[in-house]
Amino acid sequence: MALLNEHEELLSAWRSLSPTSETSDGWRTIPIGVGRCRAGVRFPAGEEALLVGFSITAPAATDLPQGRGFSVSRVGDAPSGGFDVWFGVSRKPAASLEMFTLMAADILASVSAAKGEEQRAYYQFLSRIRSWQQFMERPRDRRLSDEEELGLFGELSMVNRLLDCGVPPSVIMECWKGPANGLRDFMGETHDVEVKATISPNGFPARISSLEQLDDVAGRSVFLAALRFSLQDAAPSLPAMVEVIRQKAGDHGRIGLERNLLLAGYDDAHASEYVRGFEPMDERVFQIKEAFPRLTRSTAPLAVRAAKYELDLDLVDIATVDLEEVFVAFGGELKP
């Protein structure tokens with residue numbers, strides 16, 4: 001039997017915690033993921049939640065981020081499990097269960113992968129919540145900005161390459177985490193790929209959104225794919241690339257594709273406004289190892305709670321790798 005992914009595992013856990021005639025008020029929880037996490041439902045409200053435990057000094061309530069559709073609070077009556085403090089990330093009654101599950105699954109995966117000192121793990125937990133806080137505050141009924149348009153085109157270019165390498169469409173749509181505010185754009189079982197796209201002819205500015213984005217963890221390989229495009233009238237536009245992917249994804253990938261496009265903020269109603277054509281010019285893929293220049297959670301002082309920064313990838317002078325070989329880890333095949 002295949003292992004459940006975090007999204008399916010959470011939904012299954014919450015279903016198993018459905019109320020019965022003997023259910024009393026308070027938290028009902030079960031272990032989920034690795035170590036410090038539990039899926040929970042609080043009665044009588046019946047709110048779904050992800051509970052995470054830490055052995056740290058409890059922060060003030062005002063230090064906990066809150067967001068549209070979810071709340072974060074200290075949980076006083078959760079099982080200790082060897083941890084001093086438990087926090088609950090709970091869905092608000094009117095919020096979308098699908099969106100909340102995507103967020104909880106991302107936090108679960110990120111916290112489960114975190115190793116080492118408790119305070120750093122706690123800051124990583126907060127970092128992902130703050131990232132989702134910003135994500136959920138973005139307006140959804142507008143045209144994508146030029147930067148967002150280019151970023152989505154870059155990610156779709158990667159989807160197109162994965163499809164051409166024979167990776168099953170359903171697998172690609174599951175691994176494609178960028179639209180759902182994932183820590184990295186593509187996250188497989190053991191390999192992650194972050195995509196950065198530019199149209200700058202000189203220099204390659206790459207914005208890194210957090211200390212965790214380029215932080216490699218034990219058991220996983222992290223790659224950064226740098227894609228340079230030029231603007232050409234005859235080159236594929238964003239809507240043209242979307243249609244190519246729709247045709248290639250077929251029935252097996254259509255639902256996942258449309259969900260990801262929705263999460264990315266792409267709406268066919270605005271298709272006529274995306275007139276820029278993107279011609280591929282250059283591609284470099286770096287494996288994130290010790291020599292790669294970056295700021296990370298595992299090396300930053302504890303006093304640095306969060307950071308965003310910009311790299312110039314044209315100045316990164318380390319060996320690159322073949323992207324096609326990375327695709328094999330996602331289930332693709334090398335071309336002869």
# chains A, B, ... in the order shown; residues from 1 in each chain; ligands from 1

call {"tool": "residues_around", "arguments": {"residues": "Pro179 (chain A)", "least_positions_apart": "4", "cutoff": "8 Å", "atoms": "only C-alpha atoms", "output": "NGL selection string"}}
result
:A and (185 or 260-261 or 263-264)

call {"tool": "closest_residue", "arguments": {"among": "A:Asp215, A:Ala307, A:Met99, A:Arg254", "to": "Glu290 (chain A)", "atoms": "only C-alpha atoms"}}
result
A:Asp215

call {"tool": "residues_around", "arguments": {"residues": "Ala249 (chain A)", "least_positions_apart": "3", "cutoff": "10 Å", "atoms": "only C-alpha atoms", "output": "list in words"}}
result
Val159, Asn160, Leu163, Pro168, Pro169, Ser170, Ile172, Met173, Glu243, Val244, Ile245, Arg246, His252, Gly253, Arg254, Ile255, Gly256 and Leu257 of chain A

call {"tool": "closest_atom_pairs", "arguments": {"of": "region 217-312 of chain A", "to": "region 191-204 of chain A", "cutoff": "9 Å", "atoms": "only C-alpha atoms", "output": "JSON lines"}}
result
{"residue": "A:Gly219", "atom": "CA", "partner": "A:His191", "partner_atom": "CA", "distance": 8.9}
{"residue": "A:Arg220", "atom": "CA", "partner": "A:His191", "partner_atom": "CA", "distance": 5.6}
{"residue": "A:Ser221", "atom": "CA", "partner": "A:His191", "partner_atom": "CA", "distance": 4.8}
{"residue": "A:Val222", "atom": "CA", "partner": "A:Asp192", "partner_atom": "CA", "distance": 4.8}
{"residue": "A:Phe223", "atom": "CA", "partner": "A:Val193", "partner_atom": "CA", "distance": 4.8}
{"residue": "A:Leu224", "atom": "CA", "partner": "A:Glu194", "partner_atom": "CA", "distance": 4.8}
{"residue": "A:Ala225", "atom": "CA", "partner": "A:Val195", "partner_atom": "CA", "distance": 4.8}
{"residue": "A:Ala226", "atom": "CA", "partner": "A:Lys196", "partner_atom": "CA", "distance": 5.0}
{"residue": "A:Leu227", "atom": "CA", "partner": "A:Ala197", "partner_atom": "CA", "distance": 4.7}
{"residue": "A:Arg228", "atom": "CA", "partner": "A:Thr198", "partner_atom": "CA", "distance": 5.0}
{"residue": "A:Phe229", "atom": "CA", "partner": "A:Ile199", "partner_atom": "CA", "distance": 4.9}
{"residue": "A:Ser230", "atom": "CA", "partner": "A:Ile199", "partner_atom": "CA", "distance": 5.4}
{"residue": "A:Leu231", "atom": "CA", "partner": "A:Ile199", "partner_atom": "CA", "distance": 7.2}
{"residue": "A:Phe278", "atom": "CA", "partner": "A:Ile199", "partner_atom": "CA", "distance": 8.4}
{"residue": "A:Leu311", "atom": "CA", "partner": "A:Phe204", "partner_atom": "CA", "distance": 7.7}
{"residue": "A:Asp312", "atom": "CA", "partner": "A:Phe204", "partner_atom": "CA", "distance": 5.0}

call {"tool": "closest_residue", "arguments": {"among": "A:Gly154, A:Pro65, A:Gly331, A:Gly26", "to": "Ala45 (chain A)", "atoms": "only C-alpha atoms"}}
result
A:Gly26

call {"tool": "residues_around", "arguments": {"residues": "Val217 (chain A)", "least_positions_apart": "4", "cutoff": "12 Å", "atoms": "only C-alpha atoms", "output": "JSON, numbers by chain"}}
result
{"A": [110, 111, 112, 113, 114, 115, 116, 190, 191, 192, 212, 213, 221, 222, 288, 289, 290, 296, 297, 298]}

call {"tool": "closest_residue", "arguments": {"among": "A:Met136, A:Leu150, A:Met158, A:Ala60", "to": "Val275 (chain A)", "atoms": "only C-alpha atoms"}}
result
A:Leu150

call {"tool": "select_by_dssp", "arguments": {"residues": "region 31-264 of chain A", "states": "strand (DSSP E)", "output": "short mmCIF file (atom, residue, chain, number, x, y, z; two decimals) with all heavy atoms, in the first residue's frame"}}
result
data_model
loop_
_atom_site.label_atom_id
_atom_site.label_comp_id
_atom_site.auth_asym_id
_atom_site.auth_seq_id
_atom_site.Cartn_x
_atom_site.Cartn_y
_atom_site.Cartn_z
N PRO A 31 -1.39 11.18 16.59
CA PRO A 31 -0.08 11.49 16.00
C PRO A 31 -0.13 11.50 14.49
O PRO A 31 -0.88 10.76 13.85
CB PRO A 31 0.81 10.35 16.51
CG PRO A 31 0.09 9.77 17.67
CD PRO A 31 -1.37 9.94 17.38
N CYS A 37 4.29 16.33 15.82
CA CYS A 37 3.04 16.82 15.23
C CYS A 37 1.86 15.90 15.55
O CYS A 37 2.00 14.69 15.65
CB CYS A 37 3.17 16.96 13.72
SG CYS A 37 4.45 18.12 13.19
N ARG A 38 0.68 16.52 15.67
CA ARG A 38 -0.57 15.78 15.87
C ARG A 38 -1.66 16.48 15.06
O ARG A 38 -1.71 17.71 14.98
CB ARG A 38 -0.96 15.72 17.34
CG ARG A 38 0.06 15.05 18.24
CD ARG A 38 -0.39 14.97 19.68
NE ARG A 38 -1.44 13.97 19.89
CZ ARG A 38 -1.20 12.69 20.17
NH1 ARG A 38 0.04 12.25 20.28
NH2 ARG A 38 -2.19 11.85 20.35
N ALA A 39 -2.55 15.68 14.47
CA ALA A 39 -3.76 16.22 13.86
C ALA A 39 -4.81 16.30 14.95
O ALA A 39 -4.91 15.40 15.79
CB ALA A 39 -4.25 15.33 12.73
N GLY A 40 -5.56 17.38 14.99
CA GLY A 40 -6.52 17.55 16.07
C GLY A 40 -7.82 18.19 15.62
O GLY A 40 -7.88 18.86 14.59
N VAL A 41 -8.85 17.96 16.40
CA VAL A 41 -10.13 18.63 16.24
C VAL A 41 -10.59 19.06 17.63
O VAL A 41 -10.51 18.28 18.58
CB VAL A 41 -11.19 17.72 15.61
CG1 VAL A 41 -12.54 18.44 15.51
CG2 VAL A 41 -10.75 17.25 14.22
N ARG A 42 -11.02 20.29 17.74
CA ARG A 42 -11.46 20.80 19.03
C ARG A 42 -12.99 20.89 19.05
O ARG A 42 -13.59 21.49 18.17
CB ARG A 42 -10.86 22.18 19.30
CG ARG A 42 -11.13 22.67 20.73
CD ARG A 42 -10.32 23.91 21.03
NE ARG A 42 -10.36 24.23 22.45
CZ ARG A 42 -9.62 25.17 23.03
NH1 ARG A 42 -8.77 25.86 22.28
NH2 ARG A 42 -9.71 25.42 24.31
N PHE A 43 -13.57 20.26 20.04
CA PHE A 43 -15.02 20.24 20.19
C PHE A 43 -15.44 21.16 21.34
O PHE A 43 -14.67 21.38 22.29
CB PHE A 43 -15.48 18.79 20.44
CG PHE A 43 -15.18 17.87 19.31
CD1 PHE A 43 -14.08 17.03 19.35
CD2 PHE A 43 -15.99 17.85 18.17
CE1 PHE A 43 -13.79 16.18 18.29
CE2 PHE A 43 -15.69 17.01 17.12
CZ PHE A 43 -14.59 16.17 17.17
N GLU A 47 -13.34 22.45 14.95
CA GLU A 47 -12.36 23.08 14.07
C GLU A 47 -11.16 22.16 13.85
O GLU A 47 -10.60 21.61 14.81
CB GLU A 47 -11.89 24.41 14.69
CG GLU A 47 -11.28 24.27 16.08
CD GLU A 47 -11.07 25.59 16.79
OE1 GLU A 47 -11.86 26.51 16.54
OE2 GLU A 47 -10.12 25.68 17.59
N GLU A 48 -10.78 21.96 12.59
CA GLU A 48 -9.60 21.15 12.28
C GLU A 48 -8.35 21.93 12.65
O GLU A 48 -8.30 23.16 12.52
CB GLU A 48 -9.57 20.79 10.79
CG GLU A 48 -10.74 19.95 10.31
CD GLU A 48 -11.93 20.79 9.87
OE1 GLU A 48 -11.86 22.04 10.02
OE2 GLU A 48 -12.91 20.21 9.40
N ALA A 49 -7.31 21.20 13.05
CA ALA A 49 -6.08 21.88 13.46
C ALA A 49 -4.89 20.96 13.28
O ALA A 49 -5.02 19.72 13.25
CB ALA A 49 -6.17 22.33 14.92
N LEU A 50 -3.73 21.57 13.13
CA LEU A 50 -2.45 20.89 13.20
C LEU A 50 -1.78 21.36 14.48
O LEU A 50 -1.60 22.57 14.68
CB LEU A 50 -1.58 21.22 12.00
CG LEU A 50 -0.14 20.66 12.04
CD1 LEU A 50 -0.15 19.14 11.96
CD2 LEU A 50 0.71 21.25 10.91
N LEU A 51 -1.42 20.42 15.37
CA LEU A 51 -0.77 20.76 16.63
C LEU A 51 0.71 20.39 16.53
O LEU A 51 1.06 19.31 16.05
CB LEU A 51 -1.41 20.01 17.80
CG LEU A 51 -2.71 20.59 18.38
CD1 LEU A 51 -3.83 20.56 17.35
CD2 LEU A 51 -3.13 19.83 19.63
N VAL A 52 1.57 21.30 16.98
CA VAL A 52 3.01 21.10 16.91
C VAL A 52 3.61 21.41 18.28
O VAL A 52 3.32 22.46 18.87
CB VAL A 52 3.66 21.98 15.84
CG1 VAL A 52 5.14 21.63 15.68
CG2 VAL A 52 2.94 21.83 14.50
N GLY A 53 4.44 20.50 18.78
CA GLY A 53 5.03 20.66 20.10
C GLY A 53 6.50 21.05 20.04
O GLY A 53 7.24 20.62 19.15
N PHE A 54 6.93 21.86 21.02
CA PHE A 54 8.32 22.30 21.11
C PHE A 54 8.73 22.33 22.58
O PHE A 54 7.89 22.52 23.47
CB PHE A 54 8.51 23.70 20.53
CG PHE A 54 8.19 23.81 19.06
CD1 PHE A 54 6.93 24.23 18.65
CD2 PHE A 54 9.14 23.51 18.11
CE1 PHE A 54 6.63 24.33 17.31
CE2 PHE A 54 8.84 23.61 16.75
CZ PHE A 54 7.58 24.02 16.35
N PHE A 70 -7.14 31.29 9.18
CA PHE A 70 -6.57 30.42 10.21
C PHE A 70 -6.16 31.24 11.43
O PHE A 70 -5.96 32.45 11.36
CB PHE A 70 -5.37 29.64 9.68
CG PHE A 70 -4.14 30.48 9.40
CD1 PHE A 70 -3.18 30.68 10.38
CD2 PHE A 70 -3.95 31.07 8.16
CE1 PHE A 70 -2.05 31.46 10.13
CE2 PHE A 70 -2.83 31.85 7.89
CZ PHE A 70 -1.87 32.04 8.89
N SER A 71 -6.03 30.55 12.56
CA SER A 71 -5.56 31.18 13.77
C SER A 71 -4.45 30.32 14.38
O SER A 71 -4.39 29.11 14.14
CB SER A 71 -6.70 31.34 14.79
OG SER A 71 -7.22 30.07 15.16
N VAL A 72 -3.57 30.95 15.13
CA VAL A 72 -2.47 30.25 15.80
C VAL A 72 -2.56 30.58 17.28
O VAL A 72 -2.65 31.76 17.66
CB VAL A 72 -1.10 30.68 15.25
CG1 VAL A 72 0.01 29.87 15.91
CG2 VAL A 72 -1.05 30.52 13.74
N SER A 73 -2.54 29.56 18.13
CA SER A 73 -2.65 29.79 19.56
C SER A 73 -1.87 28.74 20.32
O SER A 73 -1.57 27.66 19.80
CB SER A 73 -4.12 29.76 19.99
OG SER A 73 -4.69 28.49 19.72
N ARG A 74 -1.54 29.06 21.55
CA ARG A 74 -0.94 28.07 22.42
C ARG A 74 -2.04 27.14 22.92
O ARG A 74 -3.11 27.59 23.31
CB ARG A 74 -0.24 28.75 23.60
CG ARG A 74 0.48 27.76 24.50
CD ARG A 74 1.21 28.43 25.64
NE ARG A 74 1.78 27.44 26.54
CZ ARG A 74 2.38 27.72 27.68
NH1 ARG A 74 2.51 28.99 28.04
NH2 ARG A 74 2.87 26.77 28.44
N VAL A 75 -1.75 25.84 22.91
CA VAL A 75 -2.73 24.84 23.31
C VAL A 75 -2.36 24.33 24.69
O VAL A 75 -1.29 23.73 24.88
CB VAL A 75 -2.78 23.68 22.30
CG1 VAL A 75 -3.78 22.62 22.74
CG2 VAL A 75 -3.14 24.21 20.91
N VAL A 85 5.65 22.97 25.23
CA VAL A 85 4.67 23.91 24.67
C VAL A 85 4.08 23.32 23.39
O VAL A 85 4.82 22.79 22.55
CB VAL A 85 5.32 25.27 24.34
CG1 VAL A 85 4.28 26.26 23.84
CG2 VAL A 85 6.04 25.84 25.56
N TRP A 86 2.77 23.42 23.27
CA TRP A 86 2.09 23.00 22.04
C TRP A 86 1.37 24.19 21.43
O TRP A 86 0.79 25.01 22.14
CB TRP A 86 1.07 21.89 22.33
CG TRP A 86 1.71 20.55 22.54
CD1 TRP A 86 2.23 20.07 23.69
CD2 TRP A 86 1.88 19.53 21.55
NE1 TRP A 86 2.73 18.80 23.50
CE2 TRP A 86 2.52 18.44 22.19
CE3 TRP A 86 1.56 19.42 20.20
CZ2 TRP A 86 2.86 17.27 21.52
CZ3 TRP A 86 1.88 18.25 19.53
CH2 TRP A 86 2.52 17.20 20.19
N PHE A 87 1.44 24.27 20.09
CA PHE A 87 0.74 25.31 19.36
C PHE A 87 -0.25 24.66 18.40
O PHE A 87 0.05 23.63 17.79
CB PHE A 87 1.72 26.19 18.57
CG PHE A 87 2.73 26.87 19.44
CD1 PHE A 87 4.00 26.34 19.62
CD2 PHE A 87 2.41 28.05 20.10
CE1 PHE A 87 4.93 26.96 20.42
CE2 PHE A 87 3.34 28.68 20.91
CZ PHE A 87 4.60 28.14 21.07
N GLY A 88 -1.41 25.28 18.28
CA GLY A 88 -2.41 24.81 17.35
C GLY A 88 -2.62 25.79 16.22
O GLY A 88 -2.82 26.99 16.46
N VAL A 89 -2.51 25.31 14.98
CA VAL A 89 -2.86 26.10 13.80
C VAL A 89 -4.24 25.61 13.38
O VAL A 89 -4.39 24.47 12.91
CB VAL A 89 -1.84 25.91 12.67
CG1 VAL A 89 -2.17 26.82 11.49
CG2 VAL A 89 -0.43 26.17 13.17
N SER A 90 -5.26 26.43 13.57
CA SER A 90 -6.65 26.00 13.42
C SER A 90 -7.35 26.73 12.29
O SER A 90 -7.12 27.91 12.04
CB SER A 90 -7.42 26.25 14.73
OG SER A 90 -6.80 25.62 15.83
N ARG A 91 -8.24 25.99 11.62
CA ARG A 91 -9.04 26.59 10.55
C ARG A 91 -10.17 27.41 11.15
O ARG A 91 -10.87 26.96 12.06
CB ARG A 91 -9.62 25.50 9.64
CG ARG A 91 -10.47 26.02 8.49
CD ARG A 91 -10.90 24.90 7.56
NE ARG A 91 -11.92 24.05 8.16
CZ ARG A 91 -13.24 24.23 8.00
NH1 ARG A 91 -13.69 25.24 7.28
NH2 ARG A 91 -14.10 23.39 8.56
N PHE A 186 9.14 22.61 -6.67
CA PHE A 186 8.87 21.19 -6.93
C PHE A 186 9.50 20.37 -5.82
O PHE A 186 10.71 20.50 -5.54
CB PHE A 186 9.43 20.77 -8.30
CG PHE A 186 8.76 21.45 -9.46
CD1 PHE A 186 9.19 22.70 -9.89
CD2 PHE A 186 7.68 20.86 -10.10
CE1 PHE A 186 8.57 23.35 -10.94
CE2 PHE A 186 7.04 21.50 -11.15
CZ PHE A 186 7.49 22.75 -11.57
N MET A 187 8.70 19.52 -5.18
CA MET A 187 9.17 18.74 -4.05
C MET A 187 8.77 17.29 -4.22
O MET A 187 7.58 16.93 -4.11
CB MET A 187 8.60 19.32 -2.74
CG MET A 187 8.99 20.78 -2.52
SD MET A 187 8.35 21.51 -0.98
CE MET A 187 9.34 20.61 0.23
N HIS A 191 14.05 14.72 -3.75
CA HIS A 191 14.67 15.82 -4.49
C HIS A 191 13.70 17.00 -4.58
O HIS A 191 12.51 16.83 -4.85
CB HIS A 191 15.03 15.38 -5.91
CG HIS A 191 16.21 14.47 -5.98
ND1 HIS A 191 16.27 13.27 -5.30
CD2 HIS A 191 17.38 14.56 -6.68
CE1 HIS A 191 17.42 12.68 -5.56
NE2 HIS A 191 18.11 13.44 -6.38
N ASP A 192 14.24 18.21 -4.35
CA ASP A 192 13.47 19.44 -4.49
C ASP A 192 14.12 20.32 -5.54
O ASP A 192 15.35 20.36 -5.65
CB ASP A 192 13.43 20.22 -3.17
CG ASP A 192 12.75 19.46 -2.04
OD1 ASP A 192 12.10 18.43 -2.31
OD2 ASP A 192 12.88 19.90 -0.89
N VAL A 193 13.31 21.05 -6.30
CA VAL A 193 13.81 21.98 -7.30
C VAL A 193 13.14 23.33 -7.10
O VAL A 193 11.90 23.42 -7.09
CB VAL A 193 13.56 21.48 -8.74
CG1 VAL A 193 14.08 22.51 -9.75
CG2 VAL A 193 14.20 20.13 -8.97
N GLU A 194 13.93 24.37 -6.92
CA GLU A 194 13.44 25.74 -6.87
C GLU A 194 13.77 26.39 -8.22
O GLU A 194 14.90 26.30 -8.71
CB GLU A 194 14.10 26.52 -5.74
CG GLU A 194 13.73 27.99 -5.67
CD GLU A 194 12.26 28.24 -5.36
OE1 GLU A 194 11.59 27.31 -4.83
OE2 GLU A 194 11.78 29.35 -5.65
N VAL A 195 12.77 27.02 -8.85
CA VAL A 195 12.93 27.61 -10.17
C VAL A 195 13.01 29.13 -10.05
O VAL A 195 12.17 29.75 -9.40
CB VAL A 195 11.75 27.23 -11.09
CG1 VAL A 195 11.94 27.84 -12.48
CG2 VAL A 195 11.61 25.72 -11.18
N LYS A 196 14.02 29.72 -10.68
CA LYS A 196 14.15 31.17 -10.76
C LYS A 196 14.25 31.56 -12.22
O LYS A 196 15.04 30.98 -12.97
CB LYS A 196 15.39 31.66 -10.00
CG LYS A 196 15.38 31.32 -8.51
CD LYS A 196 14.22 31.99 -7.77
CE LYS A 196 14.26 31.67 -6.28
NZ LYS A 196 13.07 32.22 -5.58
N ALA A 197 13.42 32.52 -12.63
CA ALA A 197 13.40 32.95 -14.03
C ALA A 197 13.71 34.44 -14.11
O ALA A 197 13.35 35.22 -13.22
CB ALA A 197 12.03 32.67 -14.65
N THR A 198 14.39 34.83 -15.19
CA THR A 198 14.71 36.24 -15.40
C THR A 198 14.65 36.58 -16.89
O THR A 198 14.79 35.69 -17.74
CB THR A 198 16.12 36.57 -14.85
OG1 THR A 198 16.31 37.99 -14.88
CG2 THR A 198 17.21 35.91 -15.68
N PRO A 205 19.28 38.28 -11.26
CA PRO A 205 18.76 38.50 -9.91
C PRO A 205 17.78 37.40 -9.52
O PRO A 205 16.84 37.08 -10.28
CB PRO A 205 18.05 39.85 -10.02
CG PRO A 205 17.69 39.97 -11.47
CD PRO A 205 18.76 39.25 -12.24
N ALA A 206 17.99 36.79 -8.39
CA ALA A 206 17.11 35.73 -7.89
C ALA A 206 16.72 36.08 -6.47
O ALA A 206 17.57 36.14 -5.58
CB ALA A 206 17.80 34.37 -7.95
N ARG A 207 15.42 36.31 -6.24
CA ARG A 207 14.94 36.65 -4.90
C ARG A 207 14.68 35.37 -4.11
O ARG A 207 13.91 34.52 -4.54
CB ARG A 207 13.68 37.50 -5.00
CG ARG A 207 13.92 38.88 -5.59
CD ARG A 207 12.65 39.72 -5.61
NE ARG A 207 12.92 41.07 -6.08
CZ ARG A 207 12.94 41.43 -7.35
NH1 ARG A 207 12.70 40.54 -8.29
NH2 ARG A 207 13.19 42.69 -7.70
N ILE A 208 15.29 35.28 -2.95
CA ILE A 208 15.12 34.12 -2.07
C ILE A 208 14.17 34.56 -0.96
O ILE A 208 14.43 35.54 -0.25
CB ILE A 208 16.47 33.65 -1.49
CG1 ILE A 208 17.50 33.48 -2.63
CG2 ILE A 208 16.28 32.37 -0.71
CD1 ILE A 208 17.08 32.53 -3.72
N SER A 221 17.88 16.26 -1.47
CA SER A 221 18.77 17.02 -2.36
C SER A 221 18.00 18.22 -2.89
O SER A 221 16.87 18.07 -3.37
CB SER A 221 19.25 16.14 -3.52
OG SER A 221 20.01 15.05 -3.05
N VAL A 222 18.61 19.39 -2.80
CA VAL A 222 17.95 20.63 -3.23
C VAL A 222 18.70 21.20 -4.43
O VAL A 222 19.93 21.32 -4.40
CB VAL A 222 17.91 21.66 -2.08
CG1 VAL A 222 17.23 22.95 -2.55
CG2 VAL A 222 17.19 21.09 -0.87
N PHE A 223 17.95 21.55 -5.47
CA PHE A 223 18.52 22.10 -6.69
C PHE A 223 17.87 23.44 -6.99
O PHE A 223 16.69 23.66 -6.69
CB PHE A 223 18.30 21.15 -7.88
CG PHE A 223 18.95 19.81 -7.71
CD1 PHE A 223 18.29 18.79 -7.03
CD2 PHE A 223 20.22 19.57 -8.21
CE1 PHE A 223 18.89 17.55 -6.87
CE2 PHE A 223 20.82 18.33 -8.05
CZ PHE A 223 20.16 17.33 -7.37
N LEU A 224 18.63 24.34 -7.60
CA LEU A 224 18.11 25.62 -8.05
C LEU A 224 18.28 25.68 -9.57
O LEU A 224 19.40 25.60 -10.08
CB LEU A 224 18.85 26.77 -7.38
CG LEU A 224 18.23 28.16 -7.56
CD1 LEU A 224 18.56 29.06 -6.38
CD2 LEU A 224 18.71 28.83 -8.85
N ALA A 225 17.16 25.81 -10.27
CA ALA A 225 17.17 25.90 -11.74
C ALA A 225 17.02 27.35 -12.15
O ALA A 225 15.99 27.98 -11.88
CB ALA A 225 16.04 25.05 -12.32
N ALA A 226 18.05 27.89 -12.80
CA ALA A 226 18.05 29.28 -13.25
C ALA A 226 17.72 29.31 -14.73
O ALA A 226 18.47 28.79 -15.55
CB ALA A 226 19.41 29.91 -12.98
N LEU A 227 16.59 29.92 -15.08
CA LEU A 227 16.12 29.97 -16.47
C LEU A 227 16.10 31.42 -16.94
O LEU A 227 15.43 32.26 -16.35
CB LEU A 227 14.70 29.37 -16.58
CG LEU A 227 14.48 27.99 -15.96
CD1 LEU A 227 13.02 27.56 -16.14
CD2 LEU A 227 15.42 26.96 -16.57
N ARG A 228 16.83 31.70 -18.01
CA ARG A 228 16.84 33.05 -18.59
C ARG A 228 16.03 33.05 -19.88
O ARG A 228 16.20 32.17 -20.74
CB ARG A 228 18.27 33.51 -18.87
CG ARG A 228 18.36 35.01 -19.19
CD ARG A 228 19.74 35.41 -19.74
NE ARG A 228 20.81 35.04 -18.85
CZ ARG A 228 21.26 35.82 -17.85
NH1 ARG A 228 20.70 36.98 -17.61
NH2 ARG A 228 22.28 35.41 -17.10
N PHE A 229 15.16 34.04 -20.01
CA PHE A 229 14.34 34.19 -21.22
C PHE A 229 14.59 35.58 -21.81
O PHE A 229 15.03 36.51 -21.12
CB PHE A 229 12.85 34.07 -20.88
CG PHE A 229 12.45 32.74 -20.29
CD1 PHE A 229 12.43 32.55 -18.91
CD2 PHE A 229 12.08 31.70 -21.11
CE1 PHE A 229 12.06 31.34 -18.37
CE2 PHE A 229 11.71 30.47 -20.58
CZ PHE A 229 11.69 30.29 -19.20
N SER A 230 14.28 35.70 -23.09
CA SER A 230 14.23 37.01 -23.73
C SER A 230 12.81 37.22 -24.24
O SER A 230 12.08 36.26 -24.50
CB SER A 230 15.23 37.11 -24.88
OG SER A 230 14.85 36.25 -25.95
N LEU A 231 12.43 38.49 -24.36
CA LEU A 231 11.08 38.80 -24.84
C LEU A 231 11.08 38.82 -26.36
O LEU A 231 11.81 39.59 -26.99
CB LEU A 231 10.63 40.15 -24.28
CG LEU A 231 10.49 40.24 -22.75
CD1 LEU A 231 10.03 41.64 -22.34
CD2 LEU A 231 9.52 39.19 -22.24
#

call {"tool": "select_by_dssp", "arguments": {"residues": "region 86-236 of chain A", "states": "helix (DSSP H, G or I)", "output": "number ranges by chain"}}
result
A: 97-113, 118-136, 146-164, 169-175

call {"tool": "closest_residue", "arguments": {"among": "A:Val285, A:Ala306, A:Met241, A:Ala291", "to": "Phe125 (chain A)", "atoms": "only C-alpha atoms"}}
result
A:Ala306

call {"tool": "residues_around", "arguments": {"residues": "Arg276 (chain A)", "least_positions_apart": "6", "cutoff": "8 Å", "atoms": "only C-alpha atoms", "output": "JSON, numbers by chain"}}
result
{"A": [231, 232, 233, 237, 238]}

call {"tool": "write_last_selection", "arguments": {"atoms": "N, CA and C atoms", "output": "CSV table (one decimal), in the first residue's frame"}}
result
chain,number,residue,atom,x,y,z
A,231,LEU,N,12.4,38.5,-24.4
A,231,LEU,CA,11.1,38.8,-24.8
A,231,LEU,C,11.1,38.8,-26.4
A,232,GLN,N,10.3,37.9,-26.9
A,232,GLN,CA,10.2,37.8,-28.4
A,232,GLN,C,8.7,37.7,-28.8
A,233,ASP,N,8.2,38.5,-29.8
A,233,ASP,CA,6.8,38.5,-30.1
A,233,ASP,C,6.4,37.1,-30.6
A,237,SER,N,3.6,32.7,-25.2
A,237,SER,CA,3.1,33.6,-24.1
A,237,SER,C,2.7,32.7,-23.0
A,238,LEU,N,2.4,33.3,-21.8
A,238,LEU,CA,1.9,32.5,-20.7
A,238,LEU,C,0.6,31.7,-21.1
